[in-house]
file start-v7.cif (mmCIF, C-alpha atoms and all ligand atoms)
data_structure
loop_
_atom_site.group_PDB
_atom_site.id
_atom_site.type_symbol
_atom_site.label_atom_id
_atom_site.label_comp_id
_atom_site.auth_asym_id
_atom_site.auth_seq_id
_atom_site.Cartn_x
_atom_site.Cartn_y
_atom_site.Cartn_z
ATOM 1 C CA MET A 1 -28.696 7.046 17.829
ATOM 2 C CA LYS A 2 -29.741 6.910 21.428
ATOM 3 C CA VAL A 3 -32.494 4.935 23.156
ATOM 4 C CA ARG A 4 -34.040 5.660 26.537
ATOM 5 C CA PHE A 5 -36.402 3.271 28.296
ATOM 6 C CA TRP A 6 -39.590 4.721 29.843
ATOM 7 C CA GLY A 7 -41.471 1.441 30.324
ATOM 8 C CA VAL A 8 -40.000 -2.072 30.425
ATOM 9 C CA ARG A 9 -42.791 -4.286 31.825
ATOM 10 C CA GLY A 10 -44.954 -6.660 29.903
ATOM 11 C CA SER A 11 -48.687 -7.264 30.187
ATOM 12 C CA ILE A 12 -49.752 -4.804 32.898
ATOM 13 C CA GLY A 13 -48.292 -2.037 35.047
ATOM 14 C CA SER A 14 -46.776 -3.339 38.262
ATOM 15 C CA PRO A 15 -45.777 -0.710 40.848
ATOM 16 C CA VAL A 16 -43.298 -1.528 43.617
ATOM 17 C CA ARG A 17 -45.150 -2.433 46.794
ATOM 18 C CA GLY A 18 -44.474 -1.277 50.322
ATOM 19 C CA HIS A 19 -43.402 -4.693 51.558
ATOM 20 C CA SER A 20 -40.755 -4.852 48.794
ATOM 21 C CA ILE A 21 -39.272 -1.539 49.907
ATOM 22 C CA ARG A 22 -39.247 -2.721 53.524
ATOM 23 C CA GLU A 23 -37.464 -5.909 52.479
ATOM 24 C CA LYS A 24 -34.854 -3.924 50.512
ATOM 25 C CA VAL A 25 -34.145 -1.669 53.524
ATOM 26 C CA ARG A 26 -33.995 -4.674 55.845
ATOM 27 C CA ARG A 27 -31.463 -6.496 53.682
ATOM 28 C CA ILE A 28 -29.337 -3.357 53.203
ATOM 29 C CA LEU A 29 -29.176 -2.926 57.005
ATOM 30 C CA LEU A 30 -28.426 -6.598 57.650
ATOM 31 C CA CYS A 31 -25.562 -6.627 55.122
ATOM 32 C CA ALA A 32 -23.900 -3.516 56.537
ATOM 33 C CA SER A 33 -20.965 -3.659 58.935
ATOM 34 C CA PRO A 34 -20.224 -0.809 61.406
ATOM 35 C CA GLY A 35 -17.488 0.523 59.107
ATOM 36 C CA ASP A 36 -20.027 0.946 56.285
ATOM 37 C CA VAL A 37 -22.045 3.536 58.156
ATOM 38 C CA LEU A 38 -19.391 5.763 59.759
ATOM 39 C CA ASP A 39 -19.985 8.849 57.606
ATOM 40 C CA ASP A 40 -21.395 10.017 54.225
ATOM 41 C CA ASP A 41 -18.407 8.694 52.268
ATOM 42 C CA SER A 42 -18.452 5.225 53.812
ATOM 43 C CA VAL A 43 -22.237 4.990 53.284
ATOM 44 C CA ASP A 44 -21.847 5.966 49.599
ATOM 45 C CA ARG A 45 -19.022 3.435 49.208
ATOM 46 C CA TYR A 46 -21.138 0.719 50.795
ATOM 47 C CA LEU A 47 -24.203 1.512 48.674
ATOM 48 C CA SER A 48 -22.107 1.318 45.493
ATOM 49 C CA THR A 49 -21.319 -2.340 46.289
ATOM 50 C CA LEU A 50 -24.969 -3.455 46.493
ATOM 51 C CA PRO A 51 -26.823 -5.281 43.694
ATOM 52 C CA PHE A 52 -29.194 -3.309 41.449
ATOM 53 C CA SER A 53 -32.330 -4.767 43.004
ATOM 54 C CA LEU A 54 -31.528 -3.491 46.503
ATOM 55 C CA LEU A 55 -30.929 0.152 45.529
ATOM 56 C CA HIS A 56 -33.187 0.594 42.508
ATOM 57 C CA THR A 57 -36.196 -0.824 40.773
ATOM 58 C CA TYR A 58 -36.415 -2.077 37.204
ATOM 59 C CA GLY A 59 -39.705 -0.185 37.031
ATOM 60 C CA GLY A 60 -43.380 -1.016 36.727
ATOM 61 C CA ASN A 61 -44.462 0.868 33.584
ATOM 62 C CA THR A 62 -45.343 -0.946 30.369
ATOM 63 C CA THR A 63 -43.589 -0.544 27.024
ATOM 64 C CA CYS A 64 -42.446 2.872 25.872
ATOM 65 C CA LEU A 65 -39.081 3.809 24.335
ATOM 66 C CA GLU A 66 -37.630 7.130 23.256
ATOM 67 C CA VAL A 67 -35.327 6.812 20.250
ATOM 68 C CA ARG A 68 -33.297 9.865 19.191
ATOM 69 C CA SER A 69 -31.477 10.182 15.884
ATOM 70 C CA GLN A 70 -27.987 11.658 15.900
ATOM 71 C CA HIS A 71 -29.654 15.040 15.142
ATOM 72 C CA ASP A 72 -31.972 14.606 18.130
ATOM 73 C CA ASP A 73 -35.132 13.868 16.105
ATOM 74 C CA LEU A 74 -37.619 12.057 18.328
ATOM 75 C CA VAL A 75 -39.216 8.681 17.618
ATOM 76 C CA ILE A 76 -41.486 7.192 20.287
ATOM 77 C CA VAL A 77 -41.882 3.419 20.193
ATOM 78 C CA ASP A 78 -45.200 2.245 21.664
ATOM 79 C CA ALA A 79 -47.408 3.981 24.180
ATOM 80 C CA GLY A 80 -47.585 1.765 27.262
ATOM 81 C CA THR A 81 -47.924 3.456 30.641
ATOM 82 C CA GLY A 82 -44.297 4.657 30.437
ATOM 83 C CA ILE A 83 -45.344 7.286 27.884
ATOM 84 C CA ARG A 84 -46.967 9.326 30.643
ATOM 85 C CA ASP A 85 -43.581 10.156 32.204
ATOM 86 C CA LEU A 86 -42.054 10.745 28.772
ATOM 87 C CA GLY A 87 -44.903 13.204 28.077
ATOM 88 C CA ASN A 88 -44.181 15.069 31.297
ATOM 89 C CA ARG A 89 -40.526 15.431 30.255
ATOM 90 C CA LEU A 90 -41.472 16.558 26.715
ATOM 91 C CA MET A 91 -43.689 19.296 28.146
ATOM 92 C CA SER A 92 -40.477 21.074 29.140
ATOM 93 C CA GLU A 93 -39.191 20.863 25.540
ATOM 94 C CA GLY A 94 -41.637 22.948 23.521
ATOM 95 C CA PHE A 95 -44.535 20.510 23.630
ATOM 96 C CA ALA A 96 -46.241 22.595 26.350
ATOM 97 C CA ARG A 97 -46.369 25.546 23.884
ATOM 98 C CA GLY A 98 -47.798 23.441 21.065
ATOM 99 C CA GLN A 99 -44.535 23.515 19.110
ATOM 100 C CA GLY A 100 -43.564 19.869 19.472
ATOM 101 C CA TYR A 101 -43.123 17.316 16.721
ATOM 102 C CA ALA A 102 -42.547 13.572 17.069
ATOM 103 C CA THR A 103 -42.887 10.365 15.116
ATOM 104 C CA MET A 104 -44.565 7.424 16.837
ATOM 105 C CA VAL A 105 -44.259 3.791 15.792
ATOM 106 C CA PHE A 106 -46.425 0.999 17.135
ATOM 107 C CA THR A 107 -45.337 -2.637 17.319
ATOM 108 C CA HIS A 108 -48.951 -3.739 17.879
ATOM 109 C CA THR A 109 -51.920 -2.662 19.937
ATOM 110 C CA HIS A 110 -52.131 -5.064 22.861
ATOM 111 C CA TRP A 111 -53.142 -2.914 25.782
ATOM 112 C CA ASP A 112 -49.721 -2.854 27.456
ATOM 113 C CA HIS A 113 -48.466 -1.005 24.330
ATOM 114 C CA ILE A 114 -51.212 1.627 24.003
ATOM 115 C CA GLN A 115 -52.653 2.078 27.483
ATOM 116 C CA GLY A 116 -50.588 5.161 28.331
ATOM 117 C CA LEU A 117 -51.707 7.148 25.283
ATOM 118 C CA PRO A 118 -54.770 8.755 26.968
ATOM 119 C CA PHE A 119 -52.362 10.081 29.643
ATOM 120 C CA PHE A 120 -49.766 11.467 27.224
ATOM 121 C CA GLY A 121 -49.937 15.224 27.961
ATOM 122 C CA PRO A 122 -48.451 16.506 24.650
ATOM 123 C CA PHE A 123 -51.303 14.808 22.745
ATOM 124 C CA TYR A 124 -53.752 17.281 24.296
ATOM 125 C CA ILE A 125 -51.947 20.486 23.290
ATOM 126 C CA PRO A 126 -53.150 22.117 20.025
ATOM 127 C CA GLY A 127 -50.260 22.705 17.629
ATOM 128 C CA ASN A 128 -48.172 19.661 18.538
ATOM 129 C CA GLU A 129 -47.773 17.290 15.603
ATOM 130 C CA PHE A 130 -47.461 13.506 15.644
ATOM 131 C CA ASP A 131 -46.807 11.241 12.670
ATOM 132 C CA ILE A 132 -48.038 7.811 13.698
ATOM 133 C CA HIS A 133 -46.679 4.750 11.881
ATOM 134 C CA ALA A 134 -47.635 1.099 12.148
ATOM 135 C CA VAL A 135 -47.720 -2.133 10.228
ATOM 136 C CA SER A 136 -50.751 -3.434 12.178
ATOM 137 C CA ASP A 137 -53.824 -2.706 10.046
ATOM 138 C CA ASP A 138 -56.135 0.242 10.814
ATOM 139 C CA ILE A 139 -53.866 1.772 13.431
ATOM 140 C CA GLU A 140 -56.050 4.899 13.578
ATOM 141 C CA GLY A 141 -59.201 2.855 14.251
ATOM 142 C CA ARG A 142 -57.449 0.796 16.908
ATOM 143 C CA LEU A 143 -56.248 3.887 18.809
ATOM 144 C CA ARG A 144 -59.624 5.625 18.459
ATOM 145 C CA TYR A 145 -61.370 2.542 19.849
ATOM 146 C CA GLN A 146 -59.462 2.899 23.121
ATOM 147 C CA HIS A 147 -61.203 6.284 23.524
ATOM 148 C CA SER A 148 -64.740 4.950 23.149
ATOM 149 C CA ASP A 149 -66.676 6.267 26.151
ATOM 150 C CA ARG A 150 -66.954 2.642 27.259
ATOM 151 C CA HIS A 151 -63.230 2.755 27.996
ATOM 152 C CA PHE A 152 -62.205 6.391 28.571
ATOM 153 C CA PRO A 153 -64.009 9.702 29.192
ATOM 154 C CA VAL A 154 -62.111 11.834 26.625
ATOM 155 C CA PRO A 155 -62.737 11.010 22.936
ATOM 156 C CA PHE A 156 -59.750 10.633 20.621
ATOM 157 C CA ASP A 157 -60.477 13.989 18.932
ATOM 158 C CA GLY A 158 -60.635 15.610 22.377
ATOM 159 C CA MET A 159 -56.850 15.334 22.316
ATOM 160 C CA GLN A 160 -56.263 18.357 20.134
ATOM 161 C CA SER A 161 -52.786 17.833 18.682
ATOM 162 C CA VAL A 162 -52.450 17.209 14.938
ATOM 163 C CA LYS A 163 -52.127 13.511 14.172
ATOM 164 C CA SER A 164 -51.387 11.832 10.856
ATOM 165 C CA PHE A 165 -51.286 8.093 10.219
ATOM 166 C CA THR A 166 -49.092 6.002 7.949
ATOM 167 C CA GLN A 167 -49.848 2.362 7.333
ATOM 168 C CA HIS A 168 -46.851 0.286 6.214
ATOM 169 C CA ALA A 169 -46.755 -2.937 4.247
ATOM 170 C CA VAL A 170 -44.769 -5.691 5.984
ATOM 171 C CA ASP A 171 -41.870 -5.388 3.527
ATOM 172 C CA ASP A 172 -41.696 -1.565 3.499
ATOM 173 C CA VAL A 173 -38.330 0.048 4.124
ATOM 174 C CA TRP A 174 -38.519 3.760 4.824
ATOM 175 C CA GLU A 175 -36.299 6.693 5.716
ATOM 176 C CA LEU A 176 -36.852 8.900 8.718
ATOM 177 C CA HIS A 177 -34.514 11.709 9.833
ATOM 178 C CA GLY A 178 -31.584 9.924 8.194
ATOM 179 C CA MET A 179 -32.506 6.580 9.756
ATOM 180 C CA ARG A 180 -33.435 3.587 7.607
ATOM 181 C CA ILE A 181 -36.346 1.705 9.160
ATOM 182 C CA SER A 182 -37.501 -1.804 8.335
ATOM 183 C CA HIS A 183 -39.774 -4.238 10.174
ATOM 184 C CA LYS A 184 -40.491 -7.895 10.600
ATOM 185 C CA ALA A 185 -43.544 -9.761 11.843
ATOM 186 C CA MET A 186 -42.833 -11.518 15.131
ATOM 187 C CA ARG A 187 -44.497 -14.715 16.341
ATOM 188 C CA HIS A 188 -47.166 -13.301 18.665
ATOM 189 C CA PRO A 189 -50.946 -13.725 18.988
ATOM 190 C CA GLY A 190 -52.592 -11.046 16.825
ATOM 191 C CA ASN A 191 -49.142 -10.252 15.310
ATOM 192 C CA SER A 192 -46.573 -7.777 16.492
ATOM 193 C CA TYR A 193 -43.859 -6.132 14.417
ATOM 194 C CA SER A 194 -40.235 -5.596 15.284
ATOM 195 C CA TYR A 195 -38.534 -2.396 14.108
ATOM 196 C CA ARG A 196 -34.940 -2.151 12.886
ATOM 197 C CA PHE A 197 -33.360 1.330 12.940
ATOM 198 C CA GLU A 198 -30.119 1.869 10.985
ATOM 199 C CA GLU A 199 -28.097 5.072 11.011
ATOM 200 C CA ASP A 200 -24.548 5.433 9.662
ATOM 201 C CA GLY A 201 -23.984 1.669 9.849
ATOM 202 C CA ARG A 202 -25.221 1.391 13.450
ATOM 203 C CA VAL A 203 -28.213 -0.882 14.101
ATOM 204 C CA LEU A 204 -30.844 -0.823 16.854
ATOM 205 C CA ILE A 205 -33.584 -3.485 16.836
ATOM 206 C CA PHE A 206 -36.651 -3.505 19.032
ATOM 207 C CA GLY A 207 -38.050 -7.058 19.125
ATOM 208 C CA SER A 208 -40.953 -7.351 21.552
ATOM 209 C CA ASP A 209 -43.448 -9.062 21.775
ATOM 210 C CA ALA A 210 -42.030 -12.246 20.246
ATOM 211 C CA GLU A 211 -42.266 -15.959 20.998
ATOM 212 C CA PHE A 212 -39.451 -18.245 19.934
ATOM 213 C CA LYS A 213 -39.612 -21.821 21.189
ATOM 214 C CA LEU A 214 -36.780 -24.289 21.576
ATOM 215 C CA GLU A 215 -38.163 -26.478 18.788
ATOM 216 C CA ASP A 216 -38.270 -23.457 16.426
ATOM 217 C CA MET A 217 -34.577 -22.726 16.740
ATOM 218 C CA ASP A 218 -33.471 -24.749 13.707
ATOM 219 C CA ASP A 219 -35.914 -22.857 11.520
ATOM 220 C CA ILE A 220 -35.307 -19.184 12.233
ATOM 221 C CA GLY A 221 -33.000 -18.310 9.346
ATOM 222 C CA THR A 222 -34.966 -15.294 8.146
ATOM 223 C CA TYR A 223 -35.102 -13.942 11.683
ATOM 224 C CA LEU A 224 -31.350 -14.380 12.111
ATOM 225 C CA ASP A 225 -30.799 -12.432 8.870
ATOM 226 C CA TYR A 226 -32.989 -9.665 10.240
ATOM 227 C CA PHE A 227 -31.228 -9.584 13.649
ATOM 228 C CA ARG A 228 -27.762 -10.037 12.101
ATOM 229 C CA ASN A 229 -24.955 -7.911 13.590
ATOM 230 C CA ALA A 230 -27.265 -5.581 15.504
ATOM 231 C CA ASP A 231 -25.356 -3.269 17.801
ATOM 232 C CA VAL A 232 -28.308 -3.402 20.189
ATOM 233 C CA LEU A 233 -31.136 -5.958 20.199
ATOM 234 C CA ILE A 234 -33.945 -5.283 22.673
ATOM 235 C CA PHE A 235 -35.774 -8.572 23.018
ATOM 236 C CA ASP A 236 -38.809 -10.091 24.697
ATOM 237 C CA THR A 237 -37.631 -12.173 27.676
ATOM 238 C CA GLN A 238 -40.817 -12.173 29.738
ATOM 239 C CA TYR A 239 -40.465 -15.688 31.143
ATOM 240 C CA THR A 240 -37.825 -17.886 32.681
ATOM 241 C CA PHE A 241 -37.020 -20.928 30.559
ATOM 242 C CA GLU A 242 -39.142 -23.166 32.828
ATOM 243 C CA GLU A 243 -42.152 -20.848 32.692
ATOM 244 C CA GLN A 244 -41.961 -20.533 28.929
ATOM 245 C CA LEU A 245 -42.405 -24.300 28.714
ATOM 246 C CA GLN A 246 -45.703 -23.922 30.617
ATOM 247 C CA LYS A 247 -46.930 -20.852 28.730
ATOM 248 C CA ILE A 248 -46.763 -22.082 25.161
ATOM 249 C CA ASP A 249 -48.348 -19.767 22.568
ATOM 250 C CA TRP A 250 -48.725 -16.900 25.043
ATOM 251 C CA GLY A 251 -46.476 -14.929 22.717
ATOM 252 C CA HIS A 252 -43.276 -14.407 24.728
ATOM 253 C CA SER A 253 -39.735 -15.760 24.989
ATOM 254 C CA SER A 254 -37.129 -16.423 27.671
ATOM 255 C CA ALA A 255 -33.667 -14.974 28.295
ATOM 256 C CA SER A 256 -31.962 -18.227 27.259
ATOM 257 C CA ILE A 257 -33.764 -18.297 23.886
ATOM 258 C CA ALA A 258 -32.905 -14.602 23.409
ATOM 259 C CA THR A 259 -29.252 -15.360 24.227
ATOM 260 C CA ASP A 260 -29.198 -18.206 21.685
ATOM 261 C CA ILE A 261 -30.600 -15.886 19.010
ATOM 262 C CA ALA A 262 -28.174 -13.070 19.900
ATOM 263 C CA LEU A 263 -25.179 -15.448 19.768
ATOM 264 C CA LYS A 264 -26.270 -16.917 16.428
ATOM 265 C CA ALA A 265 -26.929 -13.500 14.878
ATOM 266 C CA GLY A 266 -23.688 -11.886 16.068
ATOM 267 C CA VAL A 267 -25.492 -9.256 18.167
ATOM 268 C CA LYS A 268 -23.222 -7.006 20.238
ATOM 269 C CA LYS A 269 -25.562 -6.016 23.059
ATOM 270 C CA LEU A 270 -28.728 -7.869 24.093
ATOM 271 C CA VAL A 271 -31.218 -5.991 26.254
ATOM 272 C CA LEU A 272 -33.626 -8.211 28.224
ATOM 273 C CA PHE A 273 -37.073 -6.581 28.056
ATOM 274 C CA HIS A 274 -40.850 -6.986 28.685
ATOM 275 C CA HIS A 275 -40.375 -8.189 32.265
ATOM 276 C CA ASP A 276 -43.183 -10.272 33.710
ATOM 277 C CA PRO A 277 -45.403 -8.231 36.079
ATOM 278 C CA SER A 278 -45.128 -10.940 38.749
ATOM 279 C CA TYR A 279 -41.311 -10.701 38.917
ATOM 280 C CA ASP A 280 -39.924 -8.463 41.653
ATOM 281 C CA ASP A 281 -36.566 -6.704 41.404
ATOM 282 C CA GLU A 282 -34.714 -9.527 43.126
ATOM 283 C CA LYS A 283 -36.090 -12.090 40.699
ATOM 284 C CA LEU A 284 -35.092 -9.866 37.764
ATOM 285 C CA ASP A 285 -31.512 -9.732 39.139
ATOM 286 C CA GLU A 286 -31.622 -13.519 39.083
ATOM 287 C CA VAL A 287 -32.960 -13.562 35.486
ATOM 288 C CA HIS A 288 -29.956 -11.438 34.505
ATOM 289 C CA LEU A 289 -27.444 -13.617 36.361
ATOM 290 C CA ARG A 290 -28.880 -16.795 34.839
ATOM 291 C CA ALA A 291 -28.672 -15.245 31.355
ATOM 292 C CA LEU A 292 -25.012 -14.341 31.930
ATOM 293 C CA ARG A 293 -24.251 -17.872 33.116
ATOM 294 C CA TYR A 294 -26.114 -19.372 30.178
ATOM 295 C CA LYS A 295 -24.106 -17.225 27.770
ATOM 296 C CA GLU A 296 -20.838 -18.435 29.311
ATOM 297 C CA MET A 297 -22.034 -22.019 29.002
ATOM 298 C CA MET A 298 -23.034 -21.647 25.338
ATOM 299 C CA ASP A 299 -19.934 -19.673 24.392
ATOM 300 C CA ILE A 300 -17.321 -21.811 26.085
ATOM 301 C CA ALA A 301 -14.648 -20.892 23.529
ATOM 302 C CA GLY A 302 -15.269 -17.202 24.263
ATOM 303 C CA ARG A 303 -15.692 -16.390 20.582
ATOM 304 C CA THR A 304 -18.204 -13.604 21.153
ATOM 305 C CA ASP A 305 -18.147 -10.382 23.125
ATOM 306 C CA LEU A 306 -21.957 -10.373 23.495
ATOM 307 C CA GLU A 307 -22.986 -8.106 26.348
ATOM 308 C CA ILE A 308 -26.290 -8.817 28.134
ATOM 309 C CA VAL A 309 -28.049 -6.100 30.115
ATOM 310 C CA MET A 310 -31.439 -5.759 31.772
ATOM 311 C CA ALA A 311 -33.810 -3.031 30.662
ATOM 312 C CA TYR A 312 -34.873 -0.692 33.455
ATOM 313 C CA GLU A 313 -36.729 2.591 33.519
ATOM 314 C CA GLY A 314 -34.252 5.391 32.884
ATOM 315 C CA LEU A 315 -31.667 3.219 31.116
ATOM 316 C CA GLU A 316 -30.045 5.081 28.219
ATOM 317 C CA ILE A 317 -27.933 3.440 25.538
ATOM 318 C CA GLU A 318 -25.850 5.225 22.873
ATOM 319 C CA ILE A 319 -25.620 3.259 19.678
HETATM 320 ZN ZN ZN B 1 -46.562 -6.641 25.467
HETATM 321 ZN ZN ZN B 2 -48.433 -8.303 22.887
#

call {"tool": "encode", "arguments": {"input": "start-v7.cif", "output": "structure tokens"}}
result
Amino acid sequence: MKVRFWGVRGSIGSPVRGHSIREKVRRILLCASPGDVLDDDSVDRYLSTLPFSLLHTYGGNTTCLEVRSQHDDLVIVDAGTGIRDLGNRLMSEGFARGQGYATMVFTHTHWDHIQGLPFFGPFYIPGNEFDIHAVSDDIEGRLRYQHSDRHFPVPFDGMQSVKSFTQHAVDDVWELHGMRISHKAMRHPGNSYSYRFEEDGRVLIFGSDAEFKLEDMDDIGTYLDYFRNADVLIFDTQYTFEEQLQKIDWGHSSASIATDIALKAGVKKLVLFHHDPSYDDEKLDEVHLRALRYKEMMDIAGRTDLEIVMAYEGLEIEI
């Protein structure tokens, strides 16, 4: 399996602002010594030493993931604003000619997970086919509602691709393109559902949006069973630990809680996801560093090889 991230923000889209770019350029120039800017090679060498936040951006689009089976079958997870760019890429792969086919799965229908759908080009092309799966009840009605003319000028049926809907029970386990898919309800206002993809013994879990509090940690056995031995766990880490204490019942977790869960469940790679829209790239670097330090603190005997990475737009992970 492979997963590519097209949207990694929580709550609302959050583009990079001009003053952030100016600040990045300013810091890059201030850090440079004369030897770093002698020629193309020295500049490239210098740039390769800089932290992620100075050279890149984690991205401002909301949740959308592209999962590919080992035979390249496409599963799209959620339709936040990141799906617009995914749609543009798919248009070069047969979807522009109305010959595309994809499965879509929805974790839930908070707006940051569906808001990109009206801007998903392949949905408008007759002939393209989409099988839409969800555990949330009445997924078809929920998506249609977003296209009421109170919210958007084009009605749902104005997007002329063929769409079919499958409603799953919470305990359903189903097969798709050789992948075994199961789900679990997460603690989140209005409910959201995590998806677990298994293929040839490899496990990818998408677990956003999900709130786990410190006081819950002794009572999460069924969750640990579900997360157990995942090769990759993508988890909701919207807040810092301090902010999570202030935003109780808002439905999101912190990187330290996610690290605790990953350590307890024997996860191999934890991907920090659903970044808060108020966090700039520099703050997200800090979130990552603090998570790495926290892991070292909690795993003092070095018994685990847990890897912790930040989700960013364009990140691809082979599982
Ligand atoms: Zn969300
Ligand atoms: Zn949500």

call {"tool": "resolve_selection", "arguments": {"input": "start-v7.cif", "expression": "the PyMOL selection byres (((not hetatm)) within 9 of (chain B and resi 2))", "output": "ChimeraX atom specification"}}
result
/A:10-11,107-113,188-192,208-210,250-252

call {"tool": "resolve_selection", "arguments": {"input": "start-v7.cif", "expression": "the PyMOL selection byres (((chain A and resi 9) around 7) and not hetatm)", "output": "PyMOL selection string"}}
result
chain A and resi 7-8+10-11+13+60-63+274-277

call {"tool": "resolve_selection", "arguments": {"input": "start-v7.cif", "expression": "the PyMOL selection byres (((chain A and resi 283) around 12) and not hetatm)", "output": "PyMOL selection string"}}
result
chain A and resi 20+51-54+57-58+238-240+275-282+284-290+310

call {"tool": "residues_around", "arguments": {"input": "start-v7.cif", "residues": "Asp85 of chain A", "least_positions_apart": "2", "cutoff": "12 Å", "atoms": "all atoms listed in the file", "output": "list in words"}}
result
Arg4, Phe5, Trp6, Gly7, Asn61, Thr62, Thr63, Cys64, Leu65, Glu66, Ala79, Gly80, Thr81, Gly82, Ile83, Gly87, Asn88, Arg89, Leu90, Met91, Ser92, Gly116, Leu117, Phe119, Phe120, Gly121, Pro122, Glu313 and Gly314 of chain A

call {"tool": "atom_distance", "arguments": {"input": "start-v7.cif", "atom1": "atom CA of Gly158 of chain A", "atom2": "atom CA of Tyr124 of chain A"}}
result
7.3 Å

call {"tool": "residues_near_point", "arguments": {"input": "start-v7.cif", "point": "(-26.2, -3.2, 14.6)", "cutoff": "7 Å", "atoms": "only C-alpha atoms", "output": "PDB file with C-alpha atoms, keeping the file's coordinate frame"}}
result
ATOM      1  CA  ARG A 202     -25.221   1.391  13.450  1.00  0.00           C
ATOM      2  CA  VAL A 203     -28.213  -0.882  14.101  1.00  0.00           C
ATOM      3  CA  LEU A 204     -30.844  -0.823  16.854  1.00  0.00           C
ATOM      4  CA  ASN A 229     -24.955  -7.911  13.590  1.00  0.00           C
ATOM      5  CA  ALA A 230     -27.265  -5.581  15.504  1.00  0.00           C
ATOM      6  CA  ASP A 231     -25.356  -3.269  17.801  1.00  0.00           C
ATOM      7  CA  VAL A 232     -28.308  -3.402  20.189  1.00  0.00           C
TER       8      VAL A 232
END

call {"tool": "closest_residue", "arguments": {"input": "start-v7.cif", "among": "A:Met104, A:Ala134, A:Ile12, A:Leu245", "to": "ligand ZN 1 (chain B)", "atoms": "all atoms listed in the file"}}
result
A:Ile12

call {"tool": "closest_residue", "arguments": {"input": "start-v7.cif", "among": "A:Val135, A:Phe156, A:Glu199, A:Ser14", "to": "Ala169 of chain A", "atoms": "only C-alpha atoms"}}
result
A:Val135

call {"tool": "atom_distance", "arguments": {"input": "start-v7.cif", "atom1": "atom CA of Phe197 of chain A", "atom2": "atom CA of Arg180 of chain A"}}
result
5.8 Å

call {"tool": "atom_distance", "arguments": {"input": "start-v7.cif", "atom1": "atom CA of Ala102 of chain A", "atom2": "atom CA of Leu143 of chain A"}}
result
16.9 Å

call {"tool": "build_atoms", "arguments": {"input": "start-v7.cif", "residues": "segment 246-257 of chain A", "atoms": "N, CA and C atoms", "output": "mmCIF file, in the frame of the given file"}}
result
data_model
loop_
_atom_site.group_PDB
_atom_site.id
_atom_site.type_symbol
_atom_site.label_atom_id
_atom_site.label_comp_id
_atom_site.auth_asym_id
_atom_site.auth_seq_id
_atom_site.Cartn_x
_atom_site.Cartn_y
_atom_site.Cartn_z
ATOM 1 N N GLN A 246 -44.308 -23.780 30.172
ATOM 2 C CA GLN A 246 -45.703 -23.922 30.617
ATOM 3 C C GLN A 246 -46.638 -22.962 29.882
ATOM 4 N N LYS A 247 -46.081 -21.899 29.318
ATOM 5 C CA LYS A 247 -46.930 -20.852 28.730
ATOM 6 C C LYS A 247 -46.737 -20.809 27.215
ATOM 7 N N ILE A 248 -46.939 -21.956 26.611
ATOM 8 C CA ILE A 248 -46.763 -22.082 25.161
ATOM 9 C C ILE A 248 -47.855 -21.299 24.438
ATOM 10 N N ASP A 249 -47.451 -20.576 23.402
ATOM 11 C CA ASP A 249 -48.348 -19.767 22.568
ATOM 12 C C ASP A 249 -48.914 -18.545 23.286
ATOM 13 N N TRP A 250 -48.319 -18.148 24.408
ATOM 14 C CA TRP A 250 -48.725 -16.900 25.043
ATOM 15 C C TRP A 250 -48.008 -15.705 24.402
ATOM 16 N N GLY A 251 -47.044 -16.009 23.528
ATOM 17 C CA GLY A 251 -46.476 -14.929 22.717
ATOM 18 C C GLY A 251 -45.179 -14.333 23.209
ATOM 19 N N HIS A 252 -44.498 -15.002 24.165
ATOM 20 C CA HIS A 252 -43.276 -14.407 24.728
ATOM 21 C C HIS A 252 -42.146 -15.427 24.818
ATOM 22 N N SER A 253 -40.921 -14.908 24.978
ATOM 23 C CA SER A 253 -39.735 -15.760 24.989
ATOM 24 C C SER A 253 -39.051 -15.715 26.355
ATOM 25 N N SER A 254 -37.918 -16.413 26.432
ATOM 26 C CA SER A 254 -37.129 -16.423 27.671
ATOM 27 C C SER A 254 -35.744 -15.863 27.377
ATOM 28 N N ALA A 255 -35.003 -15.560 28.460
ATOM 29 C CA ALA A 255 -33.667 -14.974 28.295
ATOM 30 C C ALA A 255 -32.721 -15.960 27.619
ATOM 31 N N SER A 256 -32.892 -17.273 27.875
ATOM 32 C CA SER A 256 -31.962 -18.227 27.259
ATOM 33 C C SER A 256 -32.197 -18.319 25.751
ATOM 34 N N ILE A 257 -33.465 -18.296 25.326
ATOM 35 C CA ILE A 257 -33.764 -18.297 23.886
ATOM 36 C C ILE A 257 -33.207 -17.010 23.253
#
